[in-house]
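Engineer: Let me begin by handing over the structure; questions about it come next.
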Amino acid sequence: MQNFTQSVGFEKGVQQINQVIVELKQQYRRFGVIGFSVEATIAWLCGENKICDFVIGCYGSRIRNYVDVEPTCPTLLVFANKEKAFDIHKLVDVLKKKRYSFLQVKSFEGSHGFMDPFSDNYKKLSAHLALQHINEFVQKQLSESFL
């Protein structure tokens with residue numbers, strides 16, 4: 001994380017990803033962004049710019065620094081309910097109270113990285129449930145594009 005914030009930073013990261021999205025939108029009808037950890041926060045910030053069709057962010061702990069961002073596209077945030085670095089329950093409550101029309105927030109049993117089978121924090125059941133929810137979210141976004 002420290003290397004990312006010193007070498008790239010969120011602002012530059014968002015600019016770079018938005019540039020890629022604009023280029024890819026010329027080739028694809030629908031485009032979504034998914035990010036894990038630091039990239040989840042970047043995805044969250046990209047969702048404010050009206051260029052993504054949907055956003056998914058998994059364990060984006062730094063989203064806590066950007067709770068006033070209002071998504072302009074369907075957005076799913078997935079969190080572990082046992083974060084060590086900050087109070088995840090407070091962040092989830094703050095986001096849910098915003099009642100942003102495009103935002104879904106879900107938390108699952110586990111710690112940061114619970115969906116990564118190579119992580120010591122891997123939780124098979126939680127990973128399965130989270131991935132199932134992500135899949136349903138993506139399928140809904142894709143099916144709505146054909147209506």
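Here's how to read the names in the structure tokens: chain A, B, ... by the order shown, residue numbers from 1 in each chain, ligand numbers from 1 in the order shown.
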Skipping near chain neighbours, those fewer than 5 positions away, what residues fall within 7 Å of stretch 64-76 of chain A using only C-alpha atoms, listed as a list in words?

Structural biologist: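 Returned residues: Leu45, Gly47, Glu48, Asn49, Lys50, Cys52, Asp53, Phe54, Val55, Ile56, Gly57, Leu91, Leu95, Tyr100, Phe102, Leu103, Gln104 and Val105 of chain A.
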
Engineer: Those residues with N, CA and C atoms, as a PDB file, in the first residue's frame please?

Structural biologist:
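Written out: out25.pdb:
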ATOM      1  N   LEU A  45     -13.757   5.087  -7.046  1.00  0.00           N
ATOM      2  CA  LEU A  45     -13.588   6.453  -7.528  1.00  0.00           C
ATOM      3  C   LEU A  45     -13.929   6.579  -9.014  1.00  0.00           C
ATOM      4  N   GLY A  47     -16.238   5.002 -10.491  1.00  0.00           N
ATOM      5  CA  GLY A  47     -17.692   4.937 -10.593  1.00  0.00           C
ATOM      6  C   GLY A  47     -18.379   6.280 -10.487  1.00  0.00           C
ATOM      7  N   GLU A  48     -17.645   7.282 -10.122  1.00  0.00           N
ATOM      8  CA  GLU A  48     -18.195   8.632  -9.990  1.00  0.00           C
ATOM      9  C   GLU A  48     -18.174   9.393 -11.327  1.00  0.00           C
ATOM     10  N   ASN A  49     -17.447   8.881 -12.310  1.00  0.00           N
ATOM     11  CA  ASN A  49     -17.144   9.652 -13.514  1.00  0.00           C
ATOM     12  C   ASN A  49     -18.059   9.421 -14.705  1.00  0.00           C
ATOM     13  N   LYS A  50     -19.114   8.653 -14.542  1.00  0.00           N
ATOM     14  CA  LYS A  50     -20.104   8.423 -15.598  1.00  0.00           C
ATOM     15  C   LYS A  50     -19.534   7.766 -16.852  1.00  0.00           C
ATOM     16  N   CYS A  52     -18.190   4.343 -16.519  1.00  0.00           N
ATOM     17  CA  CYS A  52     -18.342   2.905 -16.272  1.00  0.00           C
ATOM     18  C   CYS A  52     -19.825   2.543 -16.320  1.00  0.00           C
ATOM     19  N   ASP A  53     -20.096   1.325 -16.747  1.00  0.00           N
ATOM     20  CA  ASP A  53     -21.472   0.837 -16.707  1.00  0.00           C
ATOM     21  C   ASP A  53     -21.779   0.176 -15.372  1.00  0.00           C
ATOM     22  N   PHE A  54     -20.745  -0.334 -14.719  1.00  0.00           N
ATOM     23  CA  PHE A  54     -20.887  -0.865 -13.366  1.00  0.00           C
ATOM     24  C   PHE A  54     -19.512  -0.978 -12.727  1.00  0.00           C
ATOM     25  N   VAL A  55     -19.514  -1.041 -11.402  1.00  0.00           N
ATOM     26  CA  VAL A  55     -18.283  -1.111 -10.623  1.00  0.00           C
ATOM     27  C   VAL A  55     -18.447  -2.155  -9.533  1.00  0.00           C
ATOM     28  N   ILE A  56     -17.378  -2.917  -9.312  1.00  0.00           N
ATOM     29  CA  ILE A  56     -17.333  -3.859  -8.197  1.00  0.00           C
ATOM     30  C   ILE A  56     -16.018  -3.618  -7.463  1.00  0.00           C
ATOM     31  N   GLY A  57     -16.115  -3.451  -6.159  1.00  0.00           N
ATOM     32  CA  GLY A  57     -14.927  -3.268  -5.333  1.00  0.00           C
ATOM     33  C   GLY A  57     -14.926  -4.261  -4.185  1.00  0.00           C
ATOM     34  N   LEU A  91     -17.853   1.713   8.555  1.00  0.00           N
ATOM     35  CA  LEU A  91     -17.841   2.078   7.139  1.00  0.00           C
ATOM     36  C   LEU A  91     -19.087   1.561   6.426  1.00  0.00           C
ATOM     37  N   LEU A  95     -21.931   3.910   4.592  1.00  0.00           N
ATOM     38  CA  LEU A  95     -22.290   3.758   3.180  1.00  0.00           C
ATOM     39  C   LEU A  95     -23.763   3.406   3.003  1.00  0.00           C
ATOM     40  N   TYR A 100     -27.479   5.694  -1.523  1.00  0.00           N
ATOM     41  CA  TYR A 100     -27.218   5.953  -2.934  1.00  0.00           C
ATOM     42  C   TYR A 100     -27.988   4.929  -3.754  1.00  0.00           C
ATOM     43  N   PHE A 102     -27.557   3.665  -6.620  1.00  0.00           N
ATOM     44  CA  PHE A 102     -26.794   2.695  -7.399  1.00  0.00           C
ATOM     45  C   PHE A 102     -25.926   1.771  -6.541  1.00  0.00           C
ATOM     46  N   LEU A 103     -25.933   1.931  -5.240  1.00  0.00           N
ATOM     47  CA  LEU A 103     -24.963   1.235  -4.390  1.00  0.00           C
ATOM     48  C   LEU A 103     -25.548   0.041  -3.649  1.00  0.00           C
ATOM     49  N   GLN A 104     -24.821  -1.079  -3.732  1.00  0.00           N
ATOM     50  CA  GLN A 104     -25.081  -2.250  -2.900  1.00  0.00           C
ATOM     51  C   GLN A 104     -23.825  -2.512  -2.081  1.00  0.00           C
ATOM     52  N   VAL A 105     -23.983  -2.750  -0.796  1.00  0.00           N
ATOM     53  CA  VAL A 105     -22.853  -3.046   0.085  1.00  0.00           C
ATOM     54  C   VAL A 105     -23.123  -4.384   0.761  1.00  0.00           C
TER      55      VAL A 105
END

Engineer: For the interface of stretch 25-46 of chain A with stretch 137-145 of chain A (cut-off 9 Å, counting only C-alpha atoms), please tabulate each contacting residue of stretch 25-46 of chain A alongside its nearest pair of atoms and their separation in Å to one decimal, rows sorted by chain and increasing number, as JSON lines.

Structural biologist:
{"residue": "A:Arg29", "atom": "CA", "partner": "A:Ser145", "partner_atom": "CA", "distance": 8.4}
{"residue": "A:Arg30", "atom": "CA", "partner": "A:Ser145", "partner_atom": "CA", "distance": 7.3}
{"residue": "A:Gly32", "atom": "CA", "partner": "A:Val138", "partner_atom": "CA", "distance": 8.5}

Engineer: Could you save the residues just selected, with all heavy atoms, as a PDB file, in the first residue's frame?

Structural biologist:
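Printed below is part26.pdb as written:
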ATOM      1  N   ARG A  29     -19.717  -2.444 -25.872  1.00  0.00           N
ATOM      2  CA  ARG A  29     -20.967  -1.747 -25.565  1.00  0.00           C
ATOM      3  C   ARG A  29     -21.112  -1.480 -24.075  1.00  0.00           C
ATOM      4  O   ARG A  29     -21.610  -0.435 -23.667  1.00  0.00           O
ATOM      5  CB  ARG A  29     -22.131  -2.599 -26.066  1.00  0.00           C
ATOM      6  CG  ARG A  29     -23.358  -1.797 -26.329  1.00  0.00           C
ATOM      7  CD  ARG A  29     -24.314  -2.539 -27.174  1.00  0.00           C
ATOM      8  NE  ARG A  29     -25.116  -3.409 -26.300  1.00  0.00           N
ATOM      9  CZ  ARG A  29     -26.111  -4.144 -26.729  1.00  0.00           C
ATOM     10  NH1 ARG A  29     -26.410  -4.167 -27.996  1.00  0.00           N
ATOM     11  NH2 ARG A  29     -26.798  -4.864 -25.896  1.00  0.00           N
ATOM     12  N   ARG A  30     -20.740  -2.431 -23.259  1.00  0.00           N
ATOM     13  CA  ARG A  30     -20.828  -2.292 -21.796  1.00  0.00           C
ATOM     14  C   ARG A  30     -19.451  -2.547 -21.212  1.00  0.00           C
ATOM     15  O   ARG A  30     -18.707  -3.385 -21.701  1.00  0.00           O
ATOM     16  CB  ARG A  30     -21.808  -3.309 -21.213  1.00  0.00           C
ATOM     17  CG  ARG A  30     -23.210  -3.241 -21.754  1.00  0.00           C
ATOM     18  CD  ARG A  30     -24.125  -2.326 -21.020  1.00  0.00           C
ATOM     19  NE  ARG A  30     -24.323  -2.776 -19.650  1.00  0.00           N
ATOM     20  CZ  ARG A  30     -24.808  -2.006 -18.696  1.00  0.00           C
ATOM     21  NH1 ARG A  30     -25.156  -0.791 -18.948  1.00  0.00           N
ATOM     22  NH2 ARG A  30     -24.972  -2.458 -17.477  1.00  0.00           N
ATOM     23  N   GLY A  32     -17.426  -2.723 -17.296  1.00  0.00           N
ATOM     24  CA  GLY A  32     -17.399  -2.639 -15.845  1.00  0.00           C
ATOM     25  C   GLY A  32     -15.990  -2.728 -15.328  1.00  0.00           C
ATOM     26  O   GLY A  32     -15.087  -3.208 -16.017  1.00  0.00           O
TER      27      GLY A  32
END

Engineer: Just the strand (DSSP E or B) stuff from stretch 22-123 of chain A, please, per backbone DSSP, written as a PyMOL selection string.

Structural biologist: chain A and resi 32-36+54-58+75-80+103-108

Engineer: Using only C-alpha atoms, find the one residue out of A:Ile42, A:Ile134, A:Ile17, A:Ile88 that sits nearest to A:Ser107.

Structural biologist: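 Between A:Ile42, A:Ile134, A:Ile17, A:Ile88, the residue approaching A:Ser107 most closely is A:Ile88.
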
Engineer: Name the residues of stretch 22-99 of chain A that come out as alpha helix (DSSP H) in a backbone DSSP run; write them as a list in words.

Structural biologist: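 DSSP on the backbone gives alpha helix (DSSP H) at Val22, Glu23, Leu24, Lys25, Val38, Glu39, Ala40, Thr41, Ile42, Ala43, Trp44, Leu45, Cys46, Ile88, His89, Lys90, Leu91, Val92, Asp93, Val94, Leu95, Lys96, Lys97 and Lys98 of chain A.
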
Engineer: Choose the residue, out of A:Asp93, A:Lys123, A:Arg62, A:Gly110, that has the smallest atom-to-atom separation from A:Asn81; count only C-alpha atoms.

Structural biologist: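 Closest candidate: A:Gly110.
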
Engineer: Rounded to one decimal, what separation in Å do you get between atom CA of A:Ile51 and atom CA of A:His133?

Structural biologist: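 Rounded to one decimal, the two atoms are 23.2 Å apart.
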
Engineer: May I ask for the distance between atom CA of A:Val33 and atom CA of A:Leu131, given in Å to one decimal place?

Structural biologist: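 Computing it gives 15.1 Å between the two atoms.
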
Engineer: Which one of A:Lys96, A:Lys25, A:Lys12, A:Lys82 sits closest to A:His112 if you count only C-alpha atoms?

Structural biologist: A:Lys82

Engineer: Work out how far apart atom CA of A:Phe86 and atom CA of A:Glu11 are and give it in Å to one decimal.

Structural biologist: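 According to the coordinates, atom CA of A:Phe86 and atom CA of A:Glu11 are separated by 22.0 Å.
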